[in-house]
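Trainee: Next up, upload_11.txt (compact mmCIF, C-alpha atoms and all ligand atoms).
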```
# COMPACT_ATOMS: atom_id res chain seq x y z
CA ASP A 1 0.00 0.00 0.00
CA PHE A 2 0.99 3.66 -0.24
CA PRO A 3 3.00 5.01 2.70
CA GLN A 4 1.75 7.64 5.12
CA GLY A 5 1.30 11.00 3.41
CA TYR A 6 0.39 9.26 0.14
CA THR A 7 -2.81 7.41 0.94
CA GLY A 8 -4.76 9.85 -1.25
CA TYR A 9 -3.20 8.06 -4.24
CA HIS A 10 -5.14 5.11 -5.67
CA THR A 11 -3.80 1.57 -5.62
CA TYR A 12 -4.76 -0.57 -8.62
CA ASP A 13 -7.74 -2.01 -6.73
CA GLU A 14 -8.85 1.40 -5.48
CA ALA A 15 -8.65 2.85 -8.99
CA THR A 16 -10.65 -0.09 -10.34
CA LYS A 17 -13.38 0.47 -7.73
CA GLU A 18 -13.49 4.20 -8.42
CA ILE A 19 -13.78 3.59 -12.17
CA ASP A 20 -16.43 0.89 -11.80
CA GLY A 21 -18.44 3.26 -9.59
CA LEU A 22 -18.32 5.95 -12.29
CA VAL A 23 -19.32 3.48 -15.01
CA ALA A 24 -22.32 2.41 -12.90
CA LYS A 25 -23.31 6.02 -12.25
CA TYR A 26 -22.86 7.36 -15.79
CA PRO A 27 -23.61 4.43 -18.14
CA ASP A 28 -24.84 6.72 -20.95
CA ILE A 29 -21.54 8.55 -21.35
CA LEU A 30 -18.89 6.23 -19.86
CA GLY A 31 -18.02 2.73 -21.06
CA LYS A 32 -15.31 0.37 -19.89
CA GLN A 33 -13.61 -2.39 -21.82
CA LYS A 34 -10.77 -4.74 -21.02
CA ILE A 35 -8.24 -4.45 -23.83
CA GLY A 36 -5.80 -7.05 -22.51
CA THR A 37 -3.70 -8.16 -19.57
CA SER A 38 -0.36 -7.22 -18.10
CA HIS A 39 2.51 -9.68 -17.71
CA GLU A 40 1.26 -10.67 -14.24
CA GLY A 41 -2.31 -10.92 -15.44
CA ARG A 42 -3.88 -7.66 -14.34
CA ASP A 43 -6.55 -6.16 -16.57
CA ILE A 44 -5.54 -3.29 -18.80
CA ILE A 45 -8.65 -1.26 -19.41
CA ALA A 46 -9.80 1.50 -21.72
CA LEU A 47 -12.59 3.88 -20.82
CA LYS A 48 -14.62 5.59 -23.49
CA LEU A 49 -16.36 8.89 -22.82
CA SER A 50 -18.87 10.22 -25.32
CA LYS A 51 -22.52 10.95 -25.82
CA ASN A 52 -24.14 7.70 -27.05
CA VAL A 53 -21.12 5.89 -25.70
CA GLY A 54 -22.30 2.49 -26.91
CA LYS A 55 -22.21 3.58 -30.54
CA ASP A 56 -19.10 4.11 -32.67
CA GLU A 57 -19.98 7.50 -34.10
CA LYS A 58 -18.09 9.37 -36.75
CA GLU A 59 -16.34 11.75 -34.35
CA PRO A 60 -12.68 12.61 -33.81
CA GLU A 61 -11.19 10.36 -31.16
CA VAL A 62 -8.68 11.45 -28.54
CA LEU A 63 -6.49 9.20 -26.39
CA PHE A 64 -5.15 9.84 -22.90
CA THR A 65 -2.71 7.32 -21.42
CA ALA A 66 -1.00 7.17 -18.05
CA HIS A 67 1.41 5.25 -15.87
CA GLN A 68 3.86 3.70 -18.32
CA HIS A 69 6.41 4.25 -15.57
CA ALA A 70 5.64 2.53 -12.29
CA ARG A 71 6.73 5.26 -9.88
CA GLU A 72 4.83 8.02 -11.69
CA HIS A 73 1.68 7.53 -9.62
CA LEU A 74 0.46 11.10 -10.09
CA THR A 75 -0.41 10.20 -13.69
CA VAL A 76 -3.05 7.68 -12.60
CA GLU A 77 -4.60 10.46 -10.53
CA MET A 78 -4.54 12.61 -13.68
CA ALA A 79 -6.52 9.96 -15.56
CA LEU A 80 -8.99 9.60 -12.66
CA TYR A 81 -9.36 13.39 -12.51
CA LEU A 82 -10.30 13.50 -16.20
CA LEU A 83 -12.82 10.69 -15.73
CA GLY A 84 -14.39 12.50 -12.78
CA GLU A 85 -14.42 15.85 -14.53
CA PHE A 86 -15.91 14.62 -17.83
CA THR A 87 -18.63 12.59 -16.13
CA SER A 88 -19.69 15.00 -13.37
CA LYS A 89 -19.59 18.14 -15.54
CA TYR A 90 -21.41 16.72 -18.56
CA GLY A 91 -24.58 18.72 -19.01
CA SER A 92 -23.50 21.57 -16.74
CA ASP A 93 -20.12 22.75 -18.10
CA ASP A 94 -20.44 24.00 -21.69
CA ARG A 95 -16.98 23.04 -22.92
CA VAL A 96 -17.09 19.58 -21.36
CA THR A 97 -20.58 18.97 -22.72
CA LYS A 98 -19.60 20.09 -26.20
CA MET A 99 -16.57 17.81 -26.22
CA LEU A 100 -18.49 14.73 -25.09
CA ASP A 101 -21.13 15.55 -27.70
CA SER A 102 -18.62 15.80 -30.55
CA ARG A 103 -15.60 13.64 -29.61
CA GLU A 104 -14.91 10.10 -28.50
CA ILE A 105 -12.47 10.23 -25.63
CA TRP A 106 -10.39 7.19 -24.69
CA ILE A 107 -8.62 6.99 -21.36
CA ILE A 108 -6.23 4.16 -20.52
CA PRO A 109 -5.51 4.99 -16.89
CA ASP A 110 -2.86 2.36 -16.14
CA LEU A 111 -0.46 0.96 -18.73
CA ASN A 112 1.80 -0.59 -16.11
CA PRO A 113 -0.30 -2.00 -13.27
CA ASP A 114 2.32 -4.62 -12.31
CA GLY A 115 5.07 -2.05 -11.92
CA GLY A 116 2.79 0.32 -10.04
CA GLU A 117 1.75 -2.32 -7.53
CA PHE A 118 5.36 -3.51 -7.14
CA ASP A 119 6.44 0.05 -6.40
CA ILE A 120 4.18 0.23 -3.32
CA ALA A 121 4.12 -3.44 -2.29
CA SER A 122 6.42 -3.15 0.73
CA GLY A 123 4.77 -0.05 2.14
CA ASP A 124 7.78 2.01 1.09
CA PHE A 125 8.39 3.20 -2.45
CA ALA A 126 10.67 0.94 -4.48
CA MET A 127 11.62 3.66 -7.02
CA TRP A 128 10.54 1.22 -9.76
CA ARG A 129 10.18 2.36 -13.38
CA LYS A 130 9.83 -0.64 -15.72
CA ASN A 131 7.26 -3.38 -16.01
CA ARG A 132 7.73 -6.68 -14.12
CA GLN A 133 8.51 -9.01 -17.01
CA PRO A 134 11.51 -11.29 -16.40
CA ASN A 135 14.40 -11.21 -18.86
CA GLU A 136 15.79 -14.37 -20.37
CA GLY A 137 19.35 -15.09 -19.34
CA SER A 138 19.37 -12.34 -16.74
CA SER A 139 18.29 -11.95 -13.12
CA GLU A 140 17.28 -8.36 -13.86
CA VAL A 141 13.56 -7.71 -14.17
CA GLY A 142 11.61 -5.41 -16.41
CA THR A 143 11.39 -3.55 -19.70
CA ASP A 144 11.04 0.22 -19.95
CA LEU A 145 7.68 0.43 -21.68
CA ASN A 146 8.52 3.87 -23.05
CA ARG A 147 11.43 2.41 -25.03
CA ASN A 148 9.54 -0.62 -26.35
CA TRP A 149 7.18 0.88 -28.99
CA ASP A 150 7.56 -0.28 -32.57
CA PHE A 151 8.84 2.81 -34.32
CA LYS A 152 12.60 3.31 -34.78
CA TRP A 153 12.93 0.85 -31.89
CA GLY A 154 16.49 0.90 -30.54
CA CYS A 155 17.61 3.02 -33.48
CA CYS A 156 19.51 5.87 -31.98
CA ASP A 157 21.17 5.34 -28.64
CA GLY A 158 17.98 6.52 -26.95
CA SER A 159 17.52 3.30 -24.99
CA SER A 160 19.58 0.48 -23.50
CA GLY A 161 20.13 -3.12 -24.57
CA ASP A 162 21.07 -4.11 -21.02
CA PRO A 163 18.23 -5.69 -18.99
CA GLY A 164 19.74 -4.20 -15.85
CA ASP A 165 19.29 -0.65 -17.09
CA GLU A 166 16.34 1.62 -16.34
CA THR A 167 15.80 2.27 -20.05
CA TYR A 168 16.03 -1.34 -21.22
CA ARG A 169 14.19 -1.50 -24.52
CA GLY A 170 13.31 -5.22 -24.33
CA PRO A 171 14.43 -8.01 -26.69
CA SER A 172 12.22 -6.78 -29.53
CA ALA A 173 9.71 -4.05 -30.28
CA ALA A 174 6.40 -4.48 -28.43
CA SER A 175 7.85 -7.44 -26.50
CA ALA A 176 6.18 -6.07 -23.38
CA PRO A 177 2.59 -7.33 -23.27
CA GLU A 178 1.41 -3.95 -22.01
CA VAL A 179 2.84 -2.19 -25.09
CA LYS A 180 1.42 -4.87 -27.41
CA VAL A 181 -2.04 -4.52 -25.85
CA VAL A 182 -2.16 -0.75 -26.24
CA SER A 183 -0.62 -0.83 -29.75
CA ASP A 184 -3.27 -3.31 -30.83
CA PHE A 185 -5.96 -1.16 -29.27
CA VAL A 186 -4.76 1.92 -31.16
CA ARG A 187 -4.59 -0.06 -34.41
CA SER A 188 -8.14 -1.27 -33.76
CA ARG A 189 -9.26 2.33 -34.04
CA VAL A 190 -8.42 2.33 -37.73
CA VAL A 191 -11.91 2.28 -39.27
CA GLY A 192 -12.45 2.25 -43.01
CA GLY A 193 -8.71 2.68 -43.49
CA ALA A 194 -8.51 5.84 -41.35
CA GLN A 195 -7.09 6.14 -37.86
CA GLN A 196 -9.91 7.63 -35.79
CA ILE A 197 -7.61 8.82 -32.99
CA LYS A 198 -6.40 12.28 -33.97
CA THR A 199 -4.59 13.50 -30.87
CA ALA A 200 -3.16 12.07 -27.66
CA ILE A 201 -1.41 12.86 -24.42
CA ASP A 202 0.72 10.35 -22.52
CA PHE A 203 1.14 11.49 -18.92
CA HIS A 204 4.45 11.14 -17.05
CA THR A 205 6.23 12.83 -14.16
CA TYR A 206 8.19 14.90 -13.54
CA SER A 207 9.72 18.19 -14.87
CA GLU A 208 6.63 20.16 -16.00
CA LEU A 209 7.14 19.77 -19.72
CA VAL A 210 4.97 19.58 -22.82
CA LEU A 211 6.86 17.42 -25.33
CA TRP A 212 6.20 16.51 -28.95
CA PRO A 213 7.88 14.15 -31.47
CA PHE A 214 10.29 13.19 -32.59
CA GLY A 215 12.40 11.97 -29.71
CA PHE A 216 14.73 9.82 -31.80
CA THR A 217 16.25 12.76 -33.65
CA HIS A 218 17.14 16.38 -33.01
CA ASP A 219 15.87 17.24 -36.49
CA GLU A 220 12.66 19.26 -36.45
CA THR A 221 11.57 17.96 -39.83
CA GLY A 222 12.42 14.97 -42.01
CA PRO A 223 10.80 11.75 -43.22
CA GLY A 224 7.40 11.54 -41.51
CA MET A 225 7.47 15.11 -40.17
CA THR A 226 6.74 17.94 -42.60
CA GLN A 227 7.20 21.59 -41.75
CA ASP A 228 3.43 21.92 -41.34
CA ASP A 229 3.31 18.88 -39.05
CA HIS A 230 6.09 20.28 -36.91
CA ASP A 231 4.60 23.75 -36.82
CA ALA A 232 1.17 22.43 -35.80
CA PHE A 233 2.76 20.28 -33.08
CA ALA A 234 4.70 23.26 -31.77
CA ALA A 235 1.77 25.71 -31.97
CA ILE A 236 -0.62 23.43 -30.08
CA GLY A 237 2.10 22.39 -27.63
CA LYS A 238 3.10 25.97 -26.84
CA LYS A 239 -0.50 27.00 -26.30
CA MET A 240 -1.12 24.10 -23.94
CA ALA A 241 2.08 24.95 -22.09
CA ALA A 242 0.99 28.57 -21.74
CA SER A 243 -2.10 27.30 -19.92
CA ASN A 244 -0.37 25.07 -17.39
CA GLY A 245 2.96 26.83 -17.01
CA TYR A 246 4.98 23.88 -18.30
CA THR A 247 7.93 24.25 -20.69
CA PRO A 248 7.19 23.31 -24.33
CA GLU A 249 9.83 21.62 -26.49
CA GLN A 250 10.52 18.83 -28.95
CA SER A 251 11.16 15.74 -26.82
CA SER A 252 14.70 15.22 -28.11
CA GLU A 253 15.60 18.58 -26.52
CA LEU A 254 15.26 16.77 -23.18
CA TYR A 255 17.30 13.80 -24.37
CA ILE A 256 17.21 11.36 -27.25
CA THR A 257 14.70 8.54 -26.83
CA ASP A 258 13.85 5.73 -29.22
CA GLY A 259 10.82 3.49 -28.93
CA ALA A 260 8.75 6.05 -27.00
CA ILE A 261 4.97 6.05 -27.36
CA ASP A 262 4.64 9.50 -28.94
CA ASP A 263 7.14 8.69 -31.68
CA TRP A 264 5.13 5.53 -32.46
CA LEU A 265 1.77 7.28 -32.32
CA TRP A 266 2.94 9.93 -34.75
CA GLY A 267 5.48 7.99 -36.83
CA ASP A 268 3.30 4.91 -37.29
CA GLN A 269 -0.28 6.13 -36.77
CA LYS A 270 -0.13 9.88 -37.53
CA VAL A 271 -1.68 10.77 -34.19
CA PHE A 272 -0.76 14.21 -32.85
CA ALA A 273 0.76 12.77 -29.70
CA TYR A 274 2.20 14.71 -26.77
CA THR A 275 4.01 13.67 -23.63
CA PHE A 276 3.26 15.70 -20.50
CA GLU A 277 5.78 15.58 -17.69
CA MET A 278 3.72 16.66 -14.70
CA TYR A 279 4.59 18.21 -11.33
CA PRO A 280 7.08 18.88 -9.86
CA SER A 281 9.50 20.93 -11.93
CA SER A 282 12.52 19.60 -10.08
CA SER A 283 13.52 16.93 -7.58
CA GLY A 284 13.37 19.43 -4.73
CA SER A 285 9.57 19.21 -4.56
CA GLY A 286 9.34 15.46 -4.13
CA GLY A 287 10.51 14.20 -7.53
CA PHE A 288 8.50 11.13 -8.47
CA TYR A 289 6.84 11.11 -5.05
CA PRO A 290 5.04 14.36 -4.27
CA ARG A 291 2.63 14.17 -1.29
CA ASP A 292 -1.02 13.41 -1.91
CA SER A 293 -1.88 16.96 -0.84
CA VAL A 294 -0.82 18.19 -4.32
CA ILE A 295 -3.02 15.80 -6.32
CA ALA A 296 -6.07 18.06 -6.67
CA LYS A 297 -4.12 21.12 -7.75
CA GLU A 298 -1.67 19.38 -10.06
CA THR A 299 -4.31 17.40 -11.92
CA ALA A 300 -6.73 20.34 -12.31
CA ARG A 301 -3.77 22.32 -13.60
CA ASN A 302 -4.01 20.36 -16.87
CA ARG A 303 -7.75 20.83 -17.36
CA GLU A 304 -7.37 23.73 -19.77
CA ALA A 305 -4.65 22.03 -21.83
CA VAL A 306 -6.72 18.88 -22.14
CA LEU A 307 -9.77 20.87 -23.26
CA GLN A 308 -7.64 22.75 -25.80
CA LEU A 309 -6.37 19.50 -27.27
CA LEU A 310 -9.89 18.09 -27.44
CA GLU A 311 -11.17 21.23 -29.13
CA THR A 312 -8.43 21.22 -31.76
CA SER A 313 -8.80 17.51 -32.51
CA ASP A 314 -11.18 17.94 -35.44
CA CYS A 315 -8.36 19.71 -37.31
CA PRO A 316 -4.97 20.15 -35.63
CA TYR A 317 -3.65 22.14 -38.60
CA ARG A 318 -6.07 24.92 -37.75
CA ALA A 319 -3.44 25.90 -35.16
CA ILE A 320 -1.25 27.10 -38.04
CA GLY A 321 -4.14 28.55 -40.05
CA LYS A 322 -4.41 25.59 -42.39
CA GLU A 323 -7.82 24.01 -42.29
CA ASP A 324 -8.19 21.00 -44.54
O1 LIG B 401 12.38 9.05 -20.34
C1 LIG B 401 11.16 9.07 -20.50
O2 LIG B 401 10.52 8.12 -20.94
C2 LIG B 401 10.39 10.34 -20.16
N1 LIG B 401 10.84 10.91 -18.91
S1 LIG B 401 10.49 10.12 -17.51
O3 LIG B 401 11.16 10.80 -16.43
N2 LIG B 401 8.93 10.20 -17.23
O4 LIG B 401 10.88 8.75 -17.64
C3 LIG B 401 10.65 11.36 -21.22
C4 LIG B 401 10.38 10.91 -22.61
C5 LIG B 401 10.70 11.99 -23.58
N3 LIG B 401 10.75 11.49 -24.93
C6 LIG B 401 9.62 11.29 -25.61
N4 LIG B 401 8.48 11.65 -25.12
N5 LIG B 401 9.71 10.77 -26.80
CA CA B 402 -15.53 6.91 -33.93
ZN ZN B 403 7.80 8.49 -17.27
```
Take the structure in the file and write it out as structure tokens.
Ligand code: 0X9
Ligand code: CA
Ligand code: ZN

Mentor:
Amino acid sequence: DFPQGYTGYHTYDEATKEIDGLVAKYPDILGKQKIGTSHEGRDIIALKLSKNVGKDEKEPEVLFTAHQHAREHLTVEMALYLLGEFTSKYGSDDRVTKMLDSREIWIIPDLNPDGGEFDIASGDFAMWRKNRQPNEGSSEVGTDLNRNWDFKWGCCDGSSGDPGDETYRGPSAASAPEVKVVSDFVRSRVVGGAQQIKTAIDFHTYSELVLWPFGFTHDETGPGMTQDDHDAFAAIGKKMAASNGYTPEQSSELYITDGAIDDWLWGDQKVFAYTFEMYPSSSGSGGFYPRDSVIAKETARNREAVLQLLETSDCPYRAIGKED
């Protein structure tokens, strides 16, 4: 369980109960589906929020994912905040209502349930990052999920081939069941040859950053990233960052990564995918483990950015004055 001072965070079981309660209370706008299982057999779930939630309507879809990294527990709270906000404010808040009426919102609140539970199992934090998949020929456990996605996997010194390292990329792309499950889910949203998911945010901690692709190269443009693509990414990213006070930049400015989710979502699926590094800005304020007293403020802090992304999802290029 979470240590003292952190019990406001949700364990996997607590999050499941909270989510199931919301699904029971708001069945017309919130649906839950199991999209697969983690290495240790926990359910990986996707929530759908939309008016007429049971129907696949022809509306832009938006994906929010959280908790690739075990110790980044604040990101699960971010996902739960969005679920609470979108359900409880539907019908009363104009912007929320409009978005549920005209978008299909997917939330995958926990990509790494095994790692998350391992991190709190002893009652003290284990500082765990990866999943809990064993590695053949090694006593070291775990793959870094955010180096395991199947786009430019292992290409560029942005991950490690050593199972003992924190950024171990795994033996092959999508070797982690959690990555495979979510990749397959995203591919399942290709309908009539078109990817329905237009935009996405993957939540991490910490550093207070809004990041966009690519992470595998310092180049702003190149194969798979036109000047317009880059400019739209940057315009939307900078506007979101102006709303939450984070720093906007191309993810490779932070450091080179290969096999990260946003590079795959854009490079392979052409989804306008961002990575948010949430509170705090530096290790002084608790690093990966800020007290539960900050949860309400630091999740609500991203409300405006999330609404902006939803609102732009019918045509991201509008951000650079190019409607299609
Ligand atoms: O290294 C990571 O995966 C992210 N930082 S964290 O401290 N949450 O582990 C940053 C990823 C930046 N690169 C991309 N988003 N591509
Ligand atoms: Ca749809
Ligand atoms: Zn992370």

Trainee: What does the distance between CA of Tyr255 (chain A) and CA of Lys130 (chain A) come to in Å, to one decimal place?

Mentor: 18.4 Å

Trainee: Give as number ranges by chain the residues surrounding ligand CA 402 (chain B) up to a distance of 6 Å, considering only C-alpha atoms and all ligand atoms.

Mentor: A: 56-59, 196

Trainee: With all atoms of region 132-149 of chain A from the file as input, state the centre and edge lengths in Å to one decimal of the axis-aligned box that has 8 Å extra on each side, as JSON.

Mentor:
```
{"center_x": 13.3, "center_y": -5.6, "center_z": -21.1, "size_x": 28.2, "size_y": 35.0, "size_z": 31.9}
```

Trainee: So that each row is one residue of chain A with an atom at most 7 Å from ligand LIG 401 (chain B), can you give its shortest atom pair and the distance in Å to one decimal, using only C-alpha atoms and all ligand atoms, rows by chain and rising number, as a Markdown table?

Mentor:
```
| residue | atom | partner | partner_atom | distance |
| --- | --- | --- | --- | --- |
| A:His69 | CA | B:LIG401 | N2 | 6.7 |
| A:Asn146 | CA | B:LIG401 | O2 | 5.1 |
| A:His204 | CA | B:LIG401 | N2 | 4.6 |
| A:Thr205 | CA | B:LIG401 | N2 | 4.9 |
| A:Tyr206 | CA | B:LIG401 | O3 | 5.8 |
| A:Leu211 | CA | B:LIG401 | N4 | 6.0 |
| A:Trp212 | CA | B:LIG401 | N4 | 6.6 |
| A:Pro213 | CA | B:LIG401 | N5 | 6.0 |
| A:Phe214 | CA | B:LIG401 | N5 | 6.3 |
| A:Gly215 | CA | B:LIG401 | N5 | 4.1 |
| A:Ser251 | CA | B:LIG401 | N3 | 4.7 |
| A:Ser252 | CA | B:LIG401 | N3 | 6.3 |
| A:Leu254 | CA | B:LIG401 | C5 | 6.6 |
| A:Tyr255 | CA | B:LIG401 | C5 | 6.9 |
| A:Ile256 | CA | B:LIG401 | N3 | 6.9 |
| A:Thr257 | CA | B:LIG401 | N3 | 5.3 |
| A:Asp258 | CA | B:LIG401 | N5 | 7.0 |
| A:Ala260 | CA | B:LIG401 | N5 | 4.8 |
| A:Ile261 | CA | B:LIG401 | N5 | 6.7 |
| A:Asp262 | CA | B:LIG401 | N5 | 5.6 |
| A:Asp263 | CA | B:LIG401 | N5 | 5.9 |
| A:Thr275 | CA | B:LIG401 | N4 | 5.1 |
| A:Glu277 | CA | B:LIG401 | N2 | 6.3 |
```

Trainee: How about saving the chosen residues, C-alpha atoms kept, as a JSON list (two decimals), keeping the file's coordinate frame?

Mentor:
```json
[["chain", "number", "residue", "atom", "x", "y", "z"],
["A", 69, "HIS", "CA", 6.41, 4.25, -15.57],
["A", 146, "ASN", "CA", 8.52, 3.87, -23.05],
["A", 204, "HIS", "CA", 4.45, 11.14, -17.05],
["A", 205, "THR", "CA", 6.23, 12.83, -14.16],
["A", 206, "TYR", "CA", 8.19, 14.90, -13.54],
["A", 211, "LEU", "CA", 6.86, 17.42, -25.33],
["A", 212, "TRP", "CA", 6.20, 16.51, -28.95],
["A", 213, "PRO", "CA", 7.88, 14.15, -31.47],
["A", 214, "PHE", "CA", 10.29, 13.19, -32.59],
["A", 215, "GLY", "CA", 12.40, 11.97, -29.71],
["A", 251, "SER", "CA", 11.16, 15.74, -26.82],
["A", 252, "SER", "CA", 14.70, 15.22, -28.11],
["A", 254, "LEU", "CA", 15.26, 16.77, -23.18],
["A", 255, "TYR", "CA", 17.30, 13.80, -24.37],
["A", 256, "ILE", "CA", 17.21, 11.36, -27.25],
["A", 257, "THR", "CA", 14.70, 8.54, -26.83],
["A", 258, "ASP", "CA", 13.85, 5.73, -29.22],
["A", 260, "ALA", "CA", 8.75, 6.05, -27.00],
["A", 261, "ILE", "CA", 4.97, 6.05, -27.36],
["A", 262, "ASP", "CA", 4.64, 9.50, -28.94],
["A", 263, "ASP", "CA", 7.14, 8.69, -31.68],
["A", 275, "THR", "CA", 4.01, 13.67, -23.63],
["A", 277, "GLU", "CA", 5.78, 15.58, -17.69]]
```

Trainee: Could you tell me how far CA of Trp128 (chain A) sits from CA of Arg71 (chain A), in Å to one decimal place?

Mentor: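 Between CA of Arg71 (chain A) and CA of Trp128 (chain A) the gap works out to 5.6 Å.
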
Trainee: Might you pull out every residue within 12 Å of Glu136 (chain A), with only C-alpha atoms counted and same-chain residues fewer than 2 positions away left off, and present them as a count of residues only?

Mentor: 13

Trainee: Could the residues of region 114-172 of chain A that have an atom at most 9 Å from region 29-49 of chain A be listed as a Markdown table, each with its closest atom pair and the distance in Å to one decimal, counting all atoms listed in the file and ordered by chain and ascending residue number?

Mentor:
```
| residue | atom | partner | partner_atom | distance |
| --- | --- | --- | --- | --- |
| A:Asp114 | CA | A:Glu40 | CA | 6.4 |
| A:Asn131 | CA | A:His39 | CA | 8.1 |
| A:Arg132 | CA | A:His39 | CA | 7.0 |
| A:Gln133 | CA | A:His39 | CA | 6.1 |
```

Trainee: From the options A:Pro177, A:Gly154, A:Gly222, A:Pro109, which residue's atoms come nearest to Leu83 (chain A), counting only C-alpha atoms?

Mentor: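 The shortest atom-to-atom distance to Leu83 (chain A) comes from A:Pro109.
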
Trainee: Please determine the residues with any atom at most 12 Å from (0.1, 30.1, -16.2) (coordinates as given in the file, with all atoms listed in the file counting) and report them as a PyMOL selection string.

Mentor: chain A and resi 208+238-247+301-302+304-305

Trainee: Convert the current residue selection to file output with C-alpha atoms, as an mmCIF file, in the coordinates of the input.

Mentor:
```
data_model
loop_
_atom_site.group_PDB
_atom_site.id
_atom_site.type_symbol
_atom_site.label_atom_id
_atom_site.label_comp_id
_atom_site.auth_asym_id
_atom_site.auth_seq_id
_atom_site.Cartn_x
_atom_site.Cartn_y
_atom_site.Cartn_z
ATOM 1 C CA GLU A 208 6.630 20.160 -16.000
ATOM 2 C CA LYS A 238 3.100 25.970 -26.840
ATOM 3 C CA LYS A 239 -0.500 27.000 -26.300
ATOM 4 C CA MET A 240 -1.120 24.100 -23.940
ATOM 5 C CA ALA A 241 2.080 24.950 -22.090
ATOM 6 C CA ALA A 242 0.990 28.570 -21.740
ATOM 7 C CA SER A 243 -2.100 27.300 -19.920
ATOM 8 C CA ASN A 244 -0.370 25.070 -17.390
ATOM 9 C CA GLY A 245 2.960 26.830 -17.010
ATOM 10 C CA TYR A 246 4.980 23.880 -18.300
ATOM 11 C CA THR A 247 7.930 24.250 -20.690
ATOM 12 C CA ARG A 301 -3.770 22.320 -13.600
ATOM 13 C CA ASN A 302 -4.010 20.360 -16.870
ATOM 14 C CA GLU A 304 -7.370 23.730 -19.770
ATOM 15 C CA ALA A 305 -4.650 22.030 -21.830
#
```

Trainee: Can you write region 152-198 of chain A from the block above with C-alpha atoms, as a CSV table (one decimal), in the first residue's frame?

Mentor:
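Output (decode06.csv):
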```csv
chain,number,residue,atom,x,y,z
A,152,LYS,CA,12.6,3.3,-34.8
A,153,TRP,CA,12.9,0.9,-31.9
A,154,GLY,CA,16.5,0.9,-30.5
A,155,CYS,CA,17.6,3.0,-33.5
A,156,CYS,CA,19.5,5.9,-32.0
A,157,ASP,CA,21.2,5.3,-28.6
A,158,GLY,CA,18.0,6.5,-27.0
A,159,SER,CA,17.5,3.3,-25.0
A,160,SER,CA,19.6,0.5,-23.5
A,161,GLY,CA,20.1,-3.1,-24.6
A,162,ASP,CA,21.1,-4.1,-21.0
A,163,PRO,CA,18.2,-5.7,-19.0
A,164,GLY,CA,19.7,-4.2,-15.9
A,165,ASP,CA,19.3,-0.7,-17.1
A,166,GLU,CA,16.3,1.6,-16.3
A,167,THR,CA,15.8,2.3,-20.0
A,168,TYR,CA,16.0,-1.3,-21.2
A,169,ARG,CA,14.2,-1.5,-24.5
A,170,GLY,CA,13.3,-5.2,-24.3
A,171,PRO,CA,14.4,-8.0,-26.7
A,172,SER,CA,12.2,-6.8,-29.5
A,173,ALA,CA,9.7,-4.0,-30.3
A,174,ALA,CA,6.4,-4.5,-28.4
A,175,SER,CA,7.9,-7.4,-26.5
A,176,ALA,CA,6.2,-6.1,-23.4
A,177,PRO,CA,2.6,-7.3,-23.3
A,178,GLU,CA,1.4,-3.9,-22.0
A,179,VAL,CA,2.8,-2.2,-25.1
A,180,LYS,CA,1.4,-4.9,-27.4
A,181,VAL,CA,-2.0,-4.5,-25.9
A,182,VAL,CA,-2.2,-0.7,-26.2
A,183,SER,CA,-0.6,-0.8,-29.7
A,184,ASP,CA,-3.3,-3.3,-30.8
A,185,PHE,CA,-6.0,-1.2,-29.3
A,186,VAL,CA,-4.8,1.9,-31.2
A,187,ARG,CA,-4.6,-0.1,-34.4
A,188,SER,CA,-8.1,-1.3,-33.8
A,189,ARG,CA,-9.3,2.3,-34.0
A,190,VAL,CA,-8.4,2.3,-37.7
A,191,VAL,CA,-11.9,2.3,-39.3
A,192,GLY,CA,-12.4,2.2,-43.0
A,193,GLY,CA,-8.7,2.7,-43.5
A,194,ALA,CA,-8.5,5.8,-41.4
A,195,GLN,CA,-7.1,6.1,-37.9
A,196,GLN,CA,-9.9,7.6,-35.8
A,197,ILE,CA,-7.6,8.8,-33.0
A,198,LYS,CA,-6.4,12.3,-34.0
```
